[in-house]
Amino acid sequence: MRLSGLALAALVPAALAAQAPATFNYRGFTPGMTYRAFAVRAQALARADTLRCDTSRRTAQVMDCGMRIRDPADSARFYLSANVIDYQTSVIDFSDSGSTAIVGRAQKDLVRRFGPVQRREVGMWEWHQGRRFVRLNWRGRAGWRIISITLNDRDVMDRIAKYIPRKAKK
């Protein structure tokens, strides 16, 4: 079977995409995903909460959104939030709190999903993939901890610069 030039040209991007490394995916969310995909997934995991978004005072192109979710896969509960720039997520965050065991469960889950930790600091583990990363932060006292699992896309985050007002030259 012989392919026309157009058919061959259509196959090349698909073949290149198949060779690209898998992107970070946590509970159906990926850094840099569209706002629409984020909202659909968030609402699917919501029990009785509604996604609420606040736009920036300067532009509707920058929003912060959040809601409570429960993942039916393992009944995990989180406060889900996202920063959205130009209708793409720059940061997606999952926050929770509980006994000290919550940190160990999160660490084990993330290592299972993303492999060995690539960067460790006190109260922080991180995994990188190009300009995207997943970060686990934790803090607390005595028998209590709060955790934050953050998905970040630096390429989307860099777009915020065009919405920061420039100071007038004197």
# chains A, B, ... in the order shown; residues from 1 in each chain; ligands from 1
>>> select_by_dssp(residues="chain A", states="alpha helix (DSSP H)", output="PyMOL selection string")
chain A and resi 5-19+35-45+101-114+154-157
>>> residues_around(residues="A:Cys65", least_positions_apart="5", cutoff="6 Å", atoms="only C-alpha atoms", output="PyMOL selection string")
chain A and resi 52-53+81-82
>>> residues_around(residues="A:Glu121", least_positions_apart="2", cutoff="12 Å", atoms="only C-alpha atoms", output="PyMOL selection string")
chain A and resi 117-119+123-126+135-138
>>> write_last_selection(atoms="N, CA and C atoms", output="PDB file, in the first residue's frame")
ATOM      1  N   VAL A 117      12.556   9.303  43.673  1.00  0.00           N
ATOM      2  CA  VAL A 117      12.570  10.751  43.908  1.00  0.00           C
ATOM      3  C   VAL A 117      13.800  11.334  43.225  1.00  0.00           C
ATOM      4  N   GLN A 118      13.640  12.465  42.546  1.00  0.00           N
ATOM      5  CA  GLN A 118      14.748  13.097  41.842  1.00  0.00           C
ATOM      6  C   GLN A 118      15.380  14.228  42.641  1.00  0.00           C
ATOM      7  N   ARG A 119      14.644  14.798  43.585  1.00  0.00           N
ATOM      8  CA  ARG A 119      15.188  15.874  44.422  1.00  0.00           C
ATOM      9  C   ARG A 119      14.530  15.786  45.799  1.00  0.00           C
ATOM     10  N   GLY A 123      11.235  18.236  54.206  1.00  0.00           N
ATOM     11  CA  GLY A 123       9.812  18.496  53.983  1.00  0.00           C
ATOM     12  C   GLY A 123       9.407  18.587  52.528  1.00  0.00           C
ATOM     13  N   MET A 124      10.230  18.088  51.582  1.00  0.00           N
ATOM     14  CA  MET A 124       9.899  18.211  50.159  1.00  0.00           C
ATOM     15  C   MET A 124      10.551  17.105  49.346  1.00  0.00           C
ATOM     16  N   TRP A 125       9.776  16.519  48.444  1.00  0.00           N
ATOM     17  CA  TRP A 125      10.272  15.594  47.417  1.00  0.00           C
ATOM     18  C   TRP A 125       9.807  16.126  46.070  1.00  0.00           C
ATOM     19  N   GLU A 126      10.593  15.850  45.001  1.00  0.00           N
ATOM     20  CA  GLU A 126      10.252  16.387  43.679  1.00  0.00           C
ATOM     21  C   GLU A 126      10.634  15.420  42.570  1.00  0.00           C
ATOM     22  N   ARG A 135       5.655  18.050  42.932  1.00  0.00           N
ATOM     23  CA  ARG A 135       6.319  18.297  44.209  1.00  0.00           C
ATOM     24  C   ARG A 135       5.392  17.897  45.351  1.00  0.00           C
ATOM     25  N   LEU A 136       5.941  17.165  46.311  1.00  0.00           N
ATOM     26  CA  LEU A 136       5.246  16.839  47.550  1.00  0.00           C
ATOM     27  C   LEU A 136       5.883  17.657  48.658  1.00  0.00           C
ATOM     28  N   ASN A 137       5.089  18.478  49.337  1.00  0.00           N
ATOM     29  CA  ASN A 137       5.550  19.241  50.500  1.00  0.00           C
ATOM     30  C   ASN A 137       4.750  18.778  51.711  1.00  0.00           C
ATOM     31  N   TRP A 138       5.388  18.787  52.881  1.00  0.00           N
ATOM     32  CA  TRP A 138       4.657  18.492  54.108  1.00  0.00           C
ATOM     33  C   TRP A 138       5.238  19.287  55.260  1.00  0.00           C
TER      34      TRP A 138
END
>>> closest_residue(among="A:Ile85, A:Ile92, A:Met33, A:Ala73", to="A:Ile149", atoms="only C-alpha atoms")
A:Ile92
>>> select_by_dssp(residues="chain A", states="strand (DSSP E)", output="JSON, numbers by chain")
{"A": [52, 53, 54, 55, 62, 63, 64, 65, 66, 67, 68, 69, 70, 71, 76, 77, 78, 79, 80, 81, 82, 83, 84, 85, 88, 89, 90, 91, 92, 93, 94, 95, 96, 97, 98, 99, 119, 120, 121, 124, 125, 126, 127, 128, 129, 132, 133, 134, 135, 136, 137, 138, 139, 140, 141, 144, 145, 146, 147, 148, 149, 150, 151, 152, 153]}
>>> atom_distance(atom1="atom CA of A:Arg57", atom2="atom CA of A:Arg131")
27.9 Å
>>> residues_around(residues="A:Ser75", least_positions_apart="3", cutoff="12 Å", atoms="only C-alpha atoms", output="mmCIF file with N, CA and C atoms, in the first residue's frame")
data_model
loop_
_atom_site.group_PDB
_atom_site.id
_atom_site.type_symbol
_atom_site.label_atom_id
_atom_site.label_comp_id
_atom_site.auth_asym_id
_atom_site.auth_seq_id
_atom_site.Cartn_x
_atom_site.Cartn_y
_atom_site.Cartn_z
ATOM 1 N N ARG A 27 -4.119 11.419 39.383
ATOM 2 C CA ARG A 27 -5.563 11.343 39.593
ATOM 3 C C ARG A 27 -6.355 11.937 38.432
ATOM 4 N N LEU A 45 -15.074 14.426 40.161
ATOM 5 C CA LEU A 45 -14.598 13.933 41.453
ATOM 6 C C LEU A 45 -15.235 14.648 42.638
ATOM 7 N N ALA A 46 -16.097 15.609 42.364
ATOM 8 C CA ALA A 46 -16.739 16.369 43.435
ATOM 9 C C ALA A 46 -17.900 15.578 44.013
ATOM 10 N N ARG A 47 -18.050 15.653 45.309
ATOM 11 C CA ARG A 47 -19.192 15.002 45.951
ATOM 12 C C ARG A 47 -20.345 16.009 45.998
ATOM 13 N N ILE A 69 -12.641 17.483 46.627
ATOM 14 C CA ILE A 69 -12.885 16.316 45.778
ATOM 15 C C ILE A 69 -12.659 15.035 46.573
ATOM 16 N N ARG A 70 -13.196 13.938 46.055
ATOM 17 C CA ARG A 70 -12.940 12.599 46.580
ATOM 18 C C ARG A 70 -12.735 11.697 45.391
ATOM 19 N N ASP A 71 -11.565 11.058 45.332
ATOM 20 C CA ASP A 71 -11.247 10.167 44.221
ATOM 21 C C ASP A 71 -11.881 8.802 44.508
ATOM 22 N N PRO A 72 -12.823 8.360 43.680
ATOM 23 C CA PRO A 72 -13.480 7.074 43.935
ATOM 24 C C PRO A 72 -12.537 5.874 43.814
ATOM 25 N N PHE A 78 -9.263 15.440 48.977
ATOM 26 C CA PHE A 78 -8.310 16.538 48.839
ATOM 27 C C PHE A 78 -9.057 17.835 48.645
#
>>> closest_residue(among="A:Arg154, A:Arg113, A:Arg159, A:Arg77", to="A:Val91", atoms="only C-alpha atoms")
A:Arg154
>>> closest_residue(among="A:Val156, A:Val84, A:Val40, A:Leu110", to="A:Asn25", atoms="only C-alpha atoms")
A:Leu110
>>> atom_distance(atom1="atom CA of A:Thr23", atom2="atom CA of A:Gly98")
29.1 Å
>>> residues_around(residues="A:Arg145", least_positions_apart="4", cutoff="12 Å", atoms="only C-alpha atoms", output="PyMOL selection string")
chain A and resi 95-106+123+137-141
>>> decode(residues="stretch 76-163 of chain A", atoms="C-alpha atoms", output="PDB file, in the first residue's frame")
ATOM      1  CA  ALA A  76      -8.800   9.870  49.012  1.00  0.00           C
ATOM      2  CA  ARG A  77     -10.110  13.344  49.829  1.00  0.00           C
ATOM      3  CA  PHE A  78      -8.310  16.538  48.839  1.00  0.00           C
ATOM      4  CA  TYR A  79      -8.824  20.242  48.463  1.00  0.00           C
ATOM      5  CA  LEU A  80      -8.084  20.713  44.768  1.00  0.00           C
ATOM      6  CA  SER A  81      -6.944  24.087  43.477  1.00  0.00           C
ATOM      7  CA  ALA A  82      -5.496  25.398  40.238  1.00  0.00           C
ATOM      8  CA  ASN A  83      -3.967  28.514  38.796  1.00  0.00           C
ATOM      9  CA  VAL A  84      -5.112  29.014  35.203  1.00  0.00           C
ATOM     10  CA  ILE A  85      -3.365  31.276  32.682  1.00  0.00           C
ATOM     11  CA  ASP A  86      -4.739  31.713  29.161  1.00  0.00           C
ATOM     12  CA  TYR A  87      -7.139  28.779  29.770  1.00  0.00           C
ATOM     13  CA  GLN A  88      -4.348  26.333  30.703  1.00  0.00           C
ATOM     14  CA  THR A  89      -3.377  25.168  34.174  1.00  0.00           C
ATOM     15  CA  SER A  90       0.017  26.365  35.335  1.00  0.00           C
ATOM     16  CA  VAL A  91      -0.269  24.880  38.839  1.00  0.00           C
ATOM     17  CA  ILE A  92      -2.623  22.177  40.153  1.00  0.00           C
ATOM     18  CA  ASP A  93      -2.506  21.475  43.881  1.00  0.00           C
ATOM     19  CA  PHE A  94      -3.948  18.713  46.065  1.00  0.00           C
ATOM     20  CA  SER A  95      -3.949  19.568  49.803  1.00  0.00           C
ATOM     21  CA  ASP A  96      -4.889  17.373  52.749  1.00  0.00           C
ATOM     22  CA  SER A  97      -4.116  16.966  56.429  1.00  0.00           C
ATOM     23  CA  GLY A  98      -4.107  14.157  58.968  1.00  0.00           C
ATOM     24  CA  SER A  99      -1.900  12.049  61.196  1.00  0.00           C
ATOM     25  CA  THR A 100       1.815  11.684  60.460  1.00  0.00           C
ATOM     26  CA  ALA A 101       0.972   8.565  58.392  1.00  0.00           C
ATOM     27  CA  ILE A 102      -0.445  10.802  55.643  1.00  0.00           C
ATOM     28  CA  VAL A 103       3.094  11.739  54.565  1.00  0.00           C
ATOM     29  CA  GLY A 104       4.219   8.121  54.212  1.00  0.00           C
ATOM     30  CA  ARG A 105       1.115   7.209  52.203  1.00  0.00           C
ATOM     31  CA  ALA A 106       1.662  10.153  49.832  1.00  0.00           C
ATOM     32  CA  GLN A 107       5.363   9.341  49.417  1.00  0.00           C
ATOM     33  CA  LYS A 108       4.633   5.686  48.645  1.00  0.00           C
ATOM     34  CA  ASP A 109       1.874   6.629  46.168  1.00  0.00           C
ATOM     35  CA  LEU A 110       4.044   9.155  44.298  1.00  0.00           C
ATOM     36  CA  VAL A 111       7.073   6.833  44.091  1.00  0.00           C
ATOM     37  CA  ARG A 112       4.778   4.123  42.690  1.00  0.00           C
ATOM     38  CA  ARG A 113       3.424   6.555  40.081  1.00  0.00           C
ATOM     39  CA  PHE A 114       6.576   8.489  39.116  1.00  0.00           C
ATOM     40  CA  GLY A 115       9.544   6.366  40.165  1.00  0.00           C
ATOM     41  CA  PRO A 116      12.491   7.272  42.388  1.00  0.00           C
ATOM     42  CA  VAL A 117      12.570  10.751  43.908  1.00  0.00           C
ATOM     43  CA  GLN A 118      14.748  13.097  41.842  1.00  0.00           C
ATOM     44  CA  ARG A 119      15.188  15.874  44.422  1.00  0.00           C
ATOM     45  CA  ARG A 120      14.853  15.764  48.209  1.00  0.00           C
ATOM     46  CA  GLU A 121      14.944  18.519  50.792  1.00  0.00           C
ATOM     47  CA  VAL A 122      13.596  18.803  54.306  1.00  0.00           C
ATOM     48  CA  GLY A 123       9.812  18.496  53.983  1.00  0.00           C
ATOM     49  CA  MET A 124       9.899  18.211  50.159  1.00  0.00           C
ATOM     50  CA  TRP A 125      10.272  15.594  47.417  1.00  0.00           C
ATOM     51  CA  GLU A 126      10.252  16.387  43.679  1.00  0.00           C
ATOM     52  CA  TRP A 127      10.058  14.644  40.282  1.00  0.00           C
ATOM     53  CA  HIS A 128      10.959  16.447  37.019  1.00  0.00           C
ATOM     54  CA  GLN A 129      10.079  15.988  33.361  1.00  0.00           C
ATOM     55  CA  GLY A 130      11.435  18.794  31.208  1.00  0.00           C
ATOM     56  CA  ARG A 131       9.789  22.033  32.363  1.00  0.00           C
ATOM     57  CA  ARG A 132       7.119  20.189  34.331  1.00  0.00           C
ATOM     58  CA  PHE A 133       7.420  18.868  37.857  1.00  0.00           C
ATOM     59  CA  VAL A 134       5.490  17.211  40.666  1.00  0.00           C
ATOM     60  CA  ARG A 135       6.319  18.297  44.209  1.00  0.00           C
ATOM     61  CA  LEU A 136       5.246  16.839  47.550  1.00  0.00           C
ATOM     62  CA  ASN A 137       5.550  19.241  50.500  1.00  0.00           C
ATOM     63  CA  TRP A 138       4.657  18.492  54.108  1.00  0.00           C
ATOM     64  CA  ARG A 139       4.798  20.247  57.453  1.00  0.00           C
ATOM     65  CA  GLY A 140       3.201  19.957  60.872  1.00  0.00           C
ATOM     66  CA  ARG A 141       3.648  19.392  64.577  1.00  0.00           C
ATOM     67  CA  ALA A 142       3.444  16.457  66.981  1.00  0.00           C
ATOM     68  CA  GLY A 143       1.098  13.886  65.412  1.00  0.00           C
ATOM     69  CA  TRP A 144      -0.428  16.128  62.726  1.00  0.00           C
ATOM     70  CA  ARG A 145       0.715  16.936  59.152  1.00  0.00           C
ATOM     71  CA  ILE A 146      -0.535  18.917  56.182  1.00  0.00           C
ATOM     72  CA  ILE A 147       0.547  17.803  52.718  1.00  0.00           C
ATOM     73  CA  SER A 148       0.487  19.459  49.333  1.00  0.00           C
ATOM     74  CA  ILE A 149       0.998  17.622  46.038  1.00  0.00           C
ATOM     75  CA  THR A 150       1.658  20.180  43.310  1.00  0.00           C
ATOM     76  CA  LEU A 151       1.737  19.666  39.528  1.00  0.00           C
ATOM     77  CA  ASN A 152       3.506  22.534  37.775  1.00  0.00           C
ATOM     78  CA  ASP A 153       4.046  23.517  34.131  1.00  0.00           C
ATOM     79  CA  ARG A 154       6.715  26.229  33.900  1.00  0.00           C
ATOM     80  CA  ASP A 155       5.942  26.993  30.238  1.00  0.00           C
ATOM     81  CA  VAL A 156       2.372  27.981  31.155  1.00  0.00           C
ATOM     82  CA  MET A 157       3.574  29.732  34.320  1.00  0.00           C
ATOM     83  CA  ASP A 158       5.931  31.913  32.273  1.00  0.00           C
ATOM     84  CA  ARG A 159       2.913  33.404  30.445  1.00  0.00           C
ATOM     85  CA  ILE A 160       1.918  35.307  33.581  1.00  0.00           C
ATOM     86  CA  ALA A 161       4.581  37.898  32.726  1.00  0.00           C
ATOM     87  CA  LYS A 162       2.451  39.421  29.964  1.00  0.00           C
ATOM     88  CA  TYR A 163      -0.266  40.234  32.540  1.00  0.00           C
TER      89      TYR A 163
END
